[in-house]
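Novice: Input input_5.txt, format and content: compact mmCIF, C-alpha atoms.
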# COMPACT_ATOMS: atom_id res chain seq x y z
CA MET A 1 159.19 144.94 32.80
CA LYS A 2 159.76 146.48 36.22
CA THR A 3 159.29 144.58 39.48
CA ARG A 4 159.54 145.93 43.00
CA CYS A 5 159.22 144.05 46.28
CA GLN A 6 158.34 145.12 49.82
CA ALA A 7 157.64 143.26 53.04
CA LEU A 8 153.95 143.78 53.82
CA LEU A 9 151.11 141.68 55.29
CA GLY A 10 153.72 139.49 56.99
CA THR A 11 155.09 138.34 53.67
CA PHE A 12 156.87 139.57 50.54
CA VAL A 13 154.71 141.53 48.11
CA GLU A 14 155.88 141.88 44.51
CA ILE A 15 154.41 144.36 42.08
CA SER A 16 155.36 143.95 38.47
CA VAL A 17 154.30 146.19 35.58
CA ASP A 18 155.02 145.80 31.90
CA GLN A 19 155.97 149.42 31.21
CA ASP A 20 158.91 151.01 33.00
CA GLU A 21 157.41 154.49 33.20
CA HIS A 22 154.82 153.61 35.85
CA LEU A 23 157.01 153.88 38.94
CA SER A 24 154.72 156.28 40.79
CA ALA A 25 151.78 153.93 40.21
CA ILE A 26 153.77 151.11 41.87
CA ALA A 27 154.45 153.36 44.88
CA LYS A 28 150.72 154.12 45.17
CA ALA A 29 149.87 150.43 44.94
CA PHE A 30 152.29 149.61 47.78
CA ALA A 31 150.74 152.42 49.85
CA THR A 32 147.32 150.85 49.23
CA ILE A 33 148.53 147.48 50.52
CA LYS A 34 150.03 149.24 53.54
CA LEU A 35 146.60 150.79 54.23
CA VAL A 36 144.96 147.35 54.08
CA GLN A 37 147.62 146.13 56.52
CA ASP A 38 147.05 149.06 58.89
CA LEU A 39 143.30 148.48 58.89
CA MET A 40 143.21 144.70 59.06
CA SER A 41 146.31 143.49 60.87
CA PHE A 42 145.70 141.24 63.86
CA HIS A 43 149.29 141.86 65.02
CA ASN A 44 148.90 145.63 65.29
CA PRO A 45 146.89 146.31 68.48
CA LEU A 46 145.75 149.66 67.03
CA SER A 47 144.29 148.28 63.80
CA GLU A 48 140.62 148.71 62.97
CA LEU A 49 140.25 144.93 63.10
CA ASN A 50 141.34 144.91 66.74
CA ALA A 51 138.93 147.75 67.52
CA ILE A 52 136.15 145.56 66.08
CA ASN A 53 137.32 142.63 68.18
CA GLN A 54 137.51 144.68 71.34
CA ARG A 55 134.42 146.84 71.06
CA SER A 56 131.86 145.84 68.41
CA HIS A 57 129.88 143.66 70.84
CA LEU A 58 129.67 146.59 73.30
CA SER A 59 128.66 149.42 70.96
CA PRO A 60 128.34 150.09 67.22
CA ILE A 61 131.60 151.04 65.53
CA THR A 62 132.27 153.06 62.36
CA ILE A 63 134.66 151.33 59.99
CA HIS A 64 136.53 152.09 56.77
CA PRO A 65 134.66 151.18 53.55
CA TRP A 66 137.31 148.56 52.72
CA THR A 67 136.87 146.86 56.10
CA ALA A 68 133.11 146.88 55.52
CA GLN A 69 133.65 145.45 52.03
CA ILE A 70 135.92 142.61 53.19
CA LEU A 71 133.47 141.71 55.98
CA HIS A 72 130.67 141.50 53.41
CA ILE A 73 132.77 139.27 51.17
CA ALA A 74 133.80 137.12 54.14
CA HIS A 75 130.16 136.74 55.09
CA GLU A 76 129.17 135.84 51.53
CA ILE A 77 131.82 133.09 51.43
CA TYR A 78 130.77 131.92 54.90
CA ALA A 79 127.18 131.54 53.69
CA GLN A 80 128.09 129.86 50.39
CA SER A 81 130.50 127.43 52.06
CA SER A 82 127.97 126.45 54.77
CA GLY A 83 130.26 127.83 57.45
CA LEU A 84 133.50 126.20 56.30
CA PHE A 85 135.02 129.65 55.81
CA ASN A 86 134.68 131.77 58.94
CA CYS A 87 137.00 134.61 59.94
CA GLY A 88 135.83 134.31 63.54
CA ILE A 89 138.59 131.86 64.43
CA GLY A 90 141.17 134.36 65.69
CA HIS A 91 141.00 132.99 69.25
CA ARG A 92 142.00 129.55 67.95
CA LEU A 93 145.14 131.00 66.39
CA VAL A 94 145.87 132.99 69.56
CA ALA A 95 145.49 129.85 71.70
CA ALA A 96 147.95 128.04 69.39
CA GLY A 97 150.50 130.85 69.71
CA LEU A 98 150.13 131.82 66.05
CA LEU A 99 148.70 135.26 66.78
CA PRO A 100 149.38 137.71 69.64
CA GLN A 101 146.99 137.84 72.56
CA HIS A 102 145.11 141.14 72.86
CA LEU A 103 142.09 139.79 74.78
CA ASP A 104 141.73 137.48 77.74
CA LEU A 105 140.32 134.49 75.87
CA ALA A 106 138.96 132.77 78.98
CA GLN A 107 136.51 135.62 79.59
CA TYR A 108 134.58 135.20 76.37
CA GLN A 109 132.39 132.83 74.42
CA PHE A 110 133.17 133.93 70.90
CA GLY A 111 130.70 134.08 68.04
CA GLY A 112 131.68 134.30 64.39
CA ILE A 113 131.21 136.34 61.22
CA GLU A 114 127.51 135.41 61.33
CA ASP A 115 127.06 137.57 64.43
CA ILE A 116 128.02 140.81 62.67
CA LYS A 117 125.28 143.24 61.71
CA PHE A 118 125.52 146.41 59.63
CA ILE A 119 123.39 149.31 60.87
CA THR A 120 124.50 151.60 58.01
CA PRO A 121 127.04 150.79 55.26
CA LYS A 122 129.91 151.87 57.53
CA LEU A 123 128.47 151.30 60.99
CA MET A 124 128.63 147.76 62.33
CA THR A 125 127.99 145.89 65.53
CA SER A 126 128.20 142.35 66.78
CA SER A 127 125.66 140.43 68.82
CA LYS A 128 128.40 138.38 70.52
CA PRO A 129 132.08 138.96 71.37
CA ILE A 130 134.09 138.12 68.26
CA CYS A 131 137.76 137.46 67.54
CA LEU A 132 138.05 137.94 63.80
CA ASP A 133 141.25 137.21 61.94
CA LEU A 134 141.37 138.26 58.32
CA GLY A 135 144.59 136.30 57.63
CA GLY A 136 142.70 133.98 55.32
CA ILE A 137 141.35 136.68 53.05
CA ALA A 138 143.11 140.05 53.49
CA LYS A 139 146.11 139.26 51.29
CA GLY A 140 143.81 138.49 48.38
CA PHE A 141 141.78 141.62 49.11
CA ALA A 142 144.95 143.74 49.23
CA VAL A 143 146.11 142.31 45.90
CA ASP A 144 142.80 143.28 44.28
CA GLN A 145 142.96 146.81 45.73
CA ALA A 146 146.53 147.19 44.47
CA VAL A 147 145.51 146.04 40.98
CA GLU A 148 142.70 148.62 41.04
CA VAL A 149 145.14 151.42 41.94
CA LEU A 150 147.59 150.37 39.23
CA ARG A 151 144.82 150.45 36.63
CA LEU A 152 143.50 153.82 37.80
CA ASN A 153 147.03 155.17 37.41
CA GLY A 154 147.33 154.09 33.81
CA VAL A 155 149.03 150.71 34.13
CA GLU A 156 147.60 148.46 31.43
CA SER A 157 149.10 145.16 32.44
CA GLY A 158 151.02 143.65 35.30
CA CYS A 159 150.96 141.32 38.28
CA VAL A 160 150.65 141.69 42.05
CA ASN A 161 151.84 138.76 44.18
CA ALA A 162 151.43 138.80 47.98
CA GLY A 163 153.50 135.85 49.20
CA GLY A 164 151.94 133.44 46.71
CA ASP A 165 148.45 134.91 46.34
CA LEU A 166 148.63 136.64 43.00
CA ARG A 167 146.62 138.36 40.31
CA VAL A 168 147.55 138.98 36.69
CA PHE A 169 145.80 141.82 34.86
CA GLY A 170 145.82 143.30 31.38
CA SER A 171 146.34 141.85 27.95
CA SER A 172 149.50 139.85 28.52
CA PRO A 173 149.18 136.35 29.96
CA ARG A 174 151.88 135.31 32.44
CA PRO A 175 153.18 131.85 33.17
CA VAL A 176 152.37 130.75 36.72
CA HIS A 177 154.11 128.12 38.81
CA ILE A 178 152.89 126.31 41.91
CA ARG A 179 155.40 125.17 44.50
CA ASN A 180 155.66 121.40 44.65
CA PRO A 181 154.55 120.43 48.18
CA LYS A 182 156.74 117.34 47.93
CA SER A 183 159.88 119.35 47.28
CA LEU A 184 159.73 123.07 48.01
CA GLY A 185 162.55 124.02 45.68
CA GLN A 186 160.71 122.54 42.72
CA LEU A 187 158.05 124.38 40.85
CA ILE A 188 155.28 123.05 38.70
CA GLU A 189 154.29 125.15 35.71
CA ILE A 190 150.51 125.05 35.51
CA GLY A 191 150.12 127.27 32.44
CA SER A 192 149.49 130.97 32.00
CA ILE A 193 146.97 133.27 33.60
CA GLN A 194 145.45 136.26 31.86
CA ASN A 195 143.14 138.53 33.85
CA GLY A 196 142.80 136.18 36.76
CA ALA A 197 144.05 135.26 40.19
CA ILE A 198 145.43 132.22 41.96
CA ALA A 199 146.11 131.49 45.61
CA THR A 200 147.45 128.40 47.36
CA SER A 201 147.12 127.01 50.87
CA SER A 202 149.52 124.46 52.22
CA LEU A 203 151.27 123.67 55.45
CA TYR A 204 154.79 123.05 54.18
CA PHE A 205 156.26 126.20 55.71
CA SER A 206 154.38 125.62 59.00
CA LYS A 207 155.65 122.04 59.13
CA ARG A 208 159.18 123.11 58.22
CA ASP A 209 159.13 125.71 61.00
CA ARG A 210 157.43 123.24 63.40
CA LYS A 211 154.36 125.37 64.00
CA HIS A 212 150.73 124.48 64.55
CA SER A 213 148.60 124.35 61.42
CA HIS A 214 147.14 127.79 60.69
CA ILE A 215 144.25 126.24 58.76
CA ILE A 216 141.46 126.20 61.32
CA ASN A 217 138.28 124.21 60.92
CA PRO A 218 135.51 126.52 62.19
CA LEU A 219 133.11 123.58 62.37
CA ALA A 220 135.41 121.42 64.52
CA LYS A 221 133.47 119.28 66.99
CA SER A 222 136.43 118.30 69.14
CA ASP A 223 139.75 119.92 70.07
CA SER A 224 141.71 117.50 67.91
CA ASP A 225 139.83 118.63 64.79
CA ILE A 226 140.56 122.35 65.19
CA HIS A 227 143.88 122.45 63.34
CA ALA A 228 143.60 120.85 59.90
CA ASP A 229 146.55 118.67 59.01
CA PHE A 230 147.51 117.77 55.44
CA SER A 231 150.60 117.61 53.27
CA GLU A 232 149.26 118.40 49.80
CA SER A 233 148.58 121.89 48.48
CA PHE A 234 145.25 123.44 47.54
CA SER A 235 145.06 126.16 44.91
CA ILE A 236 142.12 128.15 43.63
CA VAL A 237 141.95 130.08 40.37
CA ALA A 238 139.34 132.87 40.36
CA ASN A 239 138.66 136.22 38.73
CA GLN A 240 139.59 138.15 41.86
CA CYS A 241 142.31 137.32 44.36
CA VAL A 242 140.08 137.83 47.41
CA TYR A 243 137.96 134.85 46.34
CA ALA A 244 140.98 132.76 45.36
CA ASP A 245 142.58 133.41 48.77
CA ALA A 246 139.49 132.64 50.89
CA LEU A 247 138.34 129.64 48.86
CA THR A 248 141.66 127.81 49.31
CA LYS A 249 140.55 127.29 52.94
CA VAL A 250 137.23 125.82 51.84
CA PHE A 251 139.14 123.51 49.48
CA ALA A 252 141.75 122.51 52.09
CA LEU A 253 139.07 121.71 54.68
CA SER A 254 136.54 120.01 52.38
CA LYS A 255 139.17 118.35 50.11
CA ASN A 256 136.38 118.53 47.55
CA ASP A 257 137.48 120.04 44.24
CA GLU A 258 133.84 120.28 43.20
CA HIS A 259 132.56 122.04 46.30
CA PRO A 260 129.39 123.87 45.15
CA CYS A 261 130.69 127.26 46.23
CA PHE A 262 133.54 127.12 43.67
CA ASN A 263 130.99 127.12 40.88
CA HIS A 264 129.11 129.97 42.57
CA PHE A 265 132.26 132.12 42.57
CA SER A 266 133.43 130.96 39.10
CA ALA A 267 136.49 129.39 40.70
CA GLN A 268 138.52 126.33 39.83
CA ALA A 269 140.35 124.06 42.21
CA ILE A 270 143.80 122.50 41.75
CA ARG A 271 145.14 119.99 44.24
CA ILE A 272 148.80 118.98 44.13
CA ALA A 273 149.49 115.73 45.93
CA ALA A 274 152.49 115.33 48.18
CA MET B 1 181.15 111.70 45.25
CA MET B 2 178.04 113.06 43.62
CA SER B 3 177.30 116.63 44.41
CA ILE B 4 173.76 117.51 45.44
CA PRO B 5 172.18 119.87 42.93
CA ILE B 6 171.36 123.29 44.24
CA ILE B 7 167.81 124.21 43.43
CA ALA B 8 167.56 127.92 43.73
CA GLN B 9 165.61 130.90 42.67
CA ALA B 10 166.98 134.35 42.62
CA LYS B 11 165.12 137.54 42.12
CA ILE B 12 166.88 140.82 41.71
CA TYR B 13 164.41 143.63 42.20
CA ALA B 14 166.54 146.72 42.54
CA SER B 15 170.15 147.86 42.65
CA VAL B 16 171.44 150.06 45.47
CA GLU B 17 171.23 153.05 43.10
CA GLN B 18 167.61 152.26 42.28
CA ALA B 19 166.80 151.86 45.99
CA GLN B 20 168.37 155.28 46.63
CA LYS B 21 166.06 156.79 44.01
CA ILE B 22 163.00 155.01 45.47
CA LEU B 23 163.70 155.91 49.10
CA PHE B 24 165.28 159.34 48.57
CA PRO B 25 164.04 160.70 45.26
CA LYS B 26 165.97 163.73 44.00
CA LYS B 27 168.41 163.65 46.90
CA GLN B 28 172.18 163.31 46.80
CA LEU B 29 173.65 160.60 48.98
CA SER B 30 177.25 160.26 50.01
CA LYS B 31 178.83 157.06 51.16
CA SER B 32 179.38 157.09 54.90
CA PRO B 33 180.88 153.79 56.07
CA ILE B 34 180.98 152.96 59.79
CA LEU B 35 183.54 150.85 61.56
CA ILE B 36 181.54 148.23 63.45
CA THR B 37 183.25 147.46 66.75
CA ASP B 38 182.94 144.00 68.33
CA ASP B 39 180.83 145.55 71.06
CA LEU B 40 178.36 147.06 68.58
CA GLN B 41 178.30 143.85 66.57
CA GLU B 42 177.33 142.00 69.74
CA ARG B 43 174.59 144.48 70.64
CA MET B 44 173.10 144.17 67.18
CA ARG B 45 173.23 140.40 67.45
CA GLN B 46 171.45 140.38 70.79
CA ALA B 47 168.73 142.73 69.63
CA SER B 48 167.96 140.80 66.47
CA SER B 49 169.17 137.21 67.02
CA ILE B 50 170.91 137.47 63.63
CA ARG B 51 174.32 135.87 63.86
CA HIS B 52 176.13 136.84 60.69
CA PRO B 53 178.08 140.08 61.07
CA PHE B 54 176.74 143.39 59.85
CA GLN B 55 178.90 145.06 57.22
CA GLY B 56 179.41 148.73 57.91
CA ASP B 57 180.46 149.70 54.39
CA ARG B 58 176.99 149.95 52.86
CA ILE B 59 175.77 153.11 54.55
CA TRP B 60 174.92 156.39 52.83
CA LYS B 61 173.87 159.79 54.16
CA THR B 62 171.87 162.68 52.69
CA ALA B 63 172.79 166.35 53.17
CA ASP B 64 169.91 166.76 55.64
CA GLY B 65 171.05 163.91 57.87
CA ALA B 66 168.89 161.00 56.66
CA TRP B 67 170.40 157.54 56.16
CA LEU B 68 170.28 154.68 53.72
CA ILE B 69 171.53 151.34 55.04
CA VAL B 70 171.88 148.16 53.00
CA ASP B 71 171.98 144.84 54.84
CA GLU B 72 171.05 141.23 54.30
CA VAL B 73 169.37 138.53 56.35
CA VAL B 74 170.09 134.85 55.90
CA GLY B 75 167.66 132.13 56.84
CA LYS B 76 168.14 128.42 56.45
CA HIS B 77 166.68 128.57 52.95
CA GLU B 78 166.64 132.18 51.92
CA MET B 79 168.80 135.25 51.72
CA ILE B 80 167.30 138.71 51.45
CA THR B 81 169.20 141.88 50.69
CA TYR B 82 167.31 145.00 51.64
CA ALA B 83 167.68 148.74 51.97
CA VAL B 84 166.33 150.83 54.85
CA GLY B 85 165.75 154.57 54.61
CA MET B 86 165.89 156.39 57.96
CA SER B 87 165.26 160.01 58.81
CA SER B 88 167.79 161.96 60.89
CA ASN B 89 165.77 161.10 64.03
CA GLY B 90 165.79 157.38 63.29
CA SER B 91 162.24 156.88 62.06
CA ILE B 92 161.97 154.43 59.21
CA LEU B 93 161.04 156.09 55.92
CA GLY B 94 160.85 152.93 53.86
CA ILE B 95 162.23 149.46 53.31
CA GLU B 96 162.91 148.07 49.86
CA ILE B 97 163.82 144.50 49.00
CA LEU B 98 166.80 144.42 46.62
CA GLU B 99 167.38 140.68 46.19
CA TYR B 100 165.69 137.47 47.20
CA VAL B 101 167.50 134.14 46.89
CA GLU B 102 166.03 130.80 47.87
CA SER B 103 167.74 127.43 47.99
CA TYR B 104 166.63 123.95 49.02
CA GLY B 105 168.01 120.46 49.24
CA TYR B 106 171.23 121.77 50.64
CA GLU B 107 171.83 121.40 54.34
CA VAL B 108 174.86 123.51 55.05
CA ALA B 109 176.07 125.83 57.73
CA GLU B 110 174.75 129.33 57.44
CA GLU B 111 178.11 130.86 56.63
CA GLN B 112 178.73 128.42 53.79
CA TRP B 113 175.23 128.86 52.45
CA ARG B 114 175.80 132.56 52.35
CA LYS B 115 179.19 132.30 50.71
CA GLN B 116 177.61 130.62 47.71
CA PHE B 117 175.85 133.81 46.88
CA ILE B 118 178.06 136.65 48.03
CA GLY B 119 178.99 138.71 45.04
CA LYS B 120 177.03 136.46 42.71
CA SER B 121 174.99 137.92 39.95
CA ALA B 122 172.38 136.38 37.73
CA THR B 123 175.03 135.57 35.13
CA ASP B 124 177.12 133.42 37.46
CA PRO B 125 177.18 129.68 36.80
CA ILE B 126 175.19 128.74 39.90
CA LYS B 127 171.79 127.46 38.87
CA LEU B 128 169.47 130.33 39.52
CA ASN B 129 166.02 130.39 38.04
CA GLN B 130 165.68 134.01 37.13
CA ASP B 131 162.89 133.61 34.59
CA ILE B 132 160.42 132.24 37.09
CA GLN B 133 158.40 135.22 38.13
CA ASN B 134 154.98 134.17 39.37
CA ILE B 135 154.90 131.51 42.04
CA SER B 136 151.78 130.56 43.92
CA GLY B 137 152.39 128.83 47.23
CA ALA B 138 151.90 128.98 50.95
CA THR B 139 152.88 132.35 52.36
CA LEU B 140 156.54 132.99 52.94
CA SER B 141 157.10 134.74 56.24
CA CYS B 142 159.10 137.96 56.31
CA LYS B 143 160.05 137.46 59.96
CA HIS B 144 163.79 137.35 59.24
CA LEU B 145 163.56 140.69 57.56
CA THR B 146 161.82 142.13 60.63
CA ASP B 147 164.79 140.90 62.70
CA GLY B 148 167.14 142.55 60.23
CA VAL B 149 165.40 145.90 60.55
CA LYS B 150 165.71 145.58 64.35
CA ARG B 151 169.46 145.40 64.09
CA VAL B 152 169.54 148.40 61.78
CA THR B 153 167.63 150.45 64.37
CA VAL B 154 170.19 149.37 66.99
CA LEU B 155 172.93 150.54 64.62
CA PHE B 156 171.20 153.91 64.34
CA GLU B 157 170.90 154.38 68.10
CA ALA B 158 174.46 153.31 68.78
CA ALA B 159 176.43 154.73 65.88
CA LEU B 160 174.51 156.92 63.45
CA LYS B 161 172.42 159.15 65.73
CA ALA B 162 175.39 161.06 67.08
CA LYS B 163 176.97 161.69 63.68
Can you dump the structure from the file as structure tokens?
Specialist:
Amino acid sequence: MKTRCQALLGTFVEISVDQDEHLSAIAKAFATIKLVQDLMSFHNPLSELNAINQRSHLSPITIHPWTAQILHIAHEIYAQSSGLFNCGIGHRLVAAGLLPQHLDLAQYQFGGIEDIKFITPKLMTSSKPICLDLGGIAKGFAVDQAVEVLRLNGVESGCVNAGGDLRVFGSSPRPVHIRNPKSLGQLIEIGSIQNGAIATSSLYFSKRDRKHSHIINPLAKSDSDIHADFSESFSIVANQCVYADALTKVFALSKNDEHPCFNHFSAQAIRIAA
Amino acid sequence: MMSIPIIAQAKIYASVEQAQKILFPKKQLSKSPILITDDLQERMRQASSIRHPFQGDRIWKTADGAWLIVDEVVGKHEMITYAVGMSSNGSILGIEILEYVESYGYEVAEEQWRKQFIGKSATDPIKLNQDIQNISGATLSCKHLTDGVKRVTVLFEAALKAK
């Protein structure tokens, strides 16, 4: 088994393959994740995401097929979760100092993912100013794209893990641990995953580093409800990492392990109490 | 007195030799250590807010003037050893993580924390969970690493560029 690690998407990304001869495939998979980062980073003022945030309400904008794809998935999860998952919460994270400020927030009344329209498959526009942040979904999306590239380059089995959002593919199952929210150095073995993904949302690192909660409730009625606060952890097992990643937010906000959208996306919920 | 157990995970991804092959495939590198003066040490500290001293003995150079620098960053709970490949004009060609060590339940000064691991390998008697590969959890930030790369770029400007 060969494992490499690079810092991407603001976290540590590990790519592990079962056969040692696939080193060039690993390099291509890292390059794929780098492309997702370049397109979808909120931090990089020149990313395609920031072009969407700055201009899509003024005139239609042509975007990369992957950006179009992730926006479609984000919209699908928005609709299935009755609005509990909405990428249009970037301004909340900016206001809390969790993301850099590229726009003067006071000038705008922001809409959400529901205000995006596609004119052609790659040409999109927005009926309102939007401040999208893909932080709740892009890591999972990047993991899936990396798995695709590994497979296309002949890798039969392996694992891609972006800071805790991971996907196992191929014939060999791999044991998976979840961090114990009660004690971060302890790990709980939850079994093995074969051809599946898992992602986890929790606030233990935010709390440790004394930061605002990055889990934003898009349906908040008052200012005090915007940042969700909890101490347990919420994991989702799904076929693809993009769904696992995004649905952890639905789980963390609803605290309902039988939320109807989990069934829709063939996902399972695991809550670990703290 | 009871000693507090160290709960740690260590992952060794690549050796320096492997990192050389990843960052500079098919190129010969020669070791090119730099004496780090107090003044340079201070400039690197200011640029990166990393306190522990940079070691100048893990620097290599290619025949065409590119550099490979190995450094580590130490947070309160983690230590990351990494390699940076830089072209002769200082642009970053790639960054590879060599080792990741995490430890909890152990409130110690940074220097002591670090000393536990210096020169350790997976076979040392410290309790390191090397078999645990796939951990799902909240995202770990790589901010410390970003600070580390900042100090390496300061090193380039101050000491490597002119060589």
Novice: Wanna dump the region 24-66 of chain B-region 72-90 of chain B contacts at 8 Å for me, each residue with its shortest atom pair and the distance in Å to one decimal, counting only C-alpha atoms, ordered by chain and number, as a Markdown table?
Specialist:
| residue | atom | partner | partner_atom | distance |
| --- | --- | --- | --- | --- |
| B:Phe24 | CA | B:Gly85 | CA | 7.7 |
| B:Ile50 | CA | B:Val73 | CA | 7.5 |
| B:His52 | CA | B:Val74 | CA | 8.0 |
| B:Asp64 | CA | B:Ser88 | CA | 7.4 |
| B:Gly65 | CA | B:Ser88 | CA | 4.9 |
| B:Ala66 | CA | B:Ser87 | CA | 4.3 |
Novice: Fewer than 4 positions away in the same chain doesn't count, so skip those; otherwise give me all residues within 9 Å of region 41-52 of chain A, counting all atoms listed in the file, as a list of chain:residue names.
Specialist: A:Leu9, A:Val36, A:Gln37, A:Ser56, A:His57, A:Ile61, A:Ile63, A:His64, A:Thr67, A:Gly90, A:Leu99, A:Pro100, A:Gln101, A:His102, A:Met124, A:Thr125, A:Ser126, A:Ile130, A:Cys131, A:Leu132, A:Asp133, A:Leu134, A:Gly135, A:Ala138
Novice: Using only C-alpha atoms, find the residues of chain B whose closest atom to chain A is at most 6 Å away, then write them as a ChimeraX atom specification.
Specialist: /B:7,13,96-97,104,134-142
Novice: So the first atom is CA of Leu155 (chain B) and the second is CA of Asp209 (chain A); what is the distance between them in Å, to one decimal place?
Specialist: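 Atom-to-atom, CA of Leu155 (chain B) to CA of Asp209 (chain A), that is 28.6 Å.
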Novice: What is the distance between CA of Ile36 (chain B) and CA of Lys11 (chain B), in Å to one decimal?
Specialist: 29.0 Å
Novice: With all atoms listed in the file as the counted atoms, please give the residues lying no more than 7 Å from Gly112 (chain A), apart from itself and same-chain residues fewer than 3 positions off, as an NGL selection string.
Specialist: :A and (86-88 or 115 or 130)
Novice: Tell me which of B:Asp71, B:Met44, B:Gln133, B:Asp57 sits closest to Thr153 (chain B), counting only C-alpha atoms.
Specialist: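 Between B:Asp71, B:Met44, B:Gln133, B:Asp57, the residue approaching Thr153 (chain B) most closely is B:Met44.
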Novice: Could you tell me how far CA of Ile116 (chain A) sits from CA of Arg55 (chain A), in Å to one decimal place?
Specialist: 12.2 Å
Novice: Is it possible to get the residues within 12 Å of (163.0, 143.7, 65.7) (coordinates as in the file, counting only C-alpha atoms) written as a ChimeraX atom specification?
Specialist: /B:44-50,142-154
Novice: Quick one: residues within 8 Å of Gln145 (chain A), all atoms listed in the file, excluding same-chain residues fewer than 3 positions away - as a list in words?
Specialist: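 With the cut-off at 8 Å, the set is Ala29, Thr32, Ile33, Phe141, Ala142, Glu148 and Val149 of chain A.
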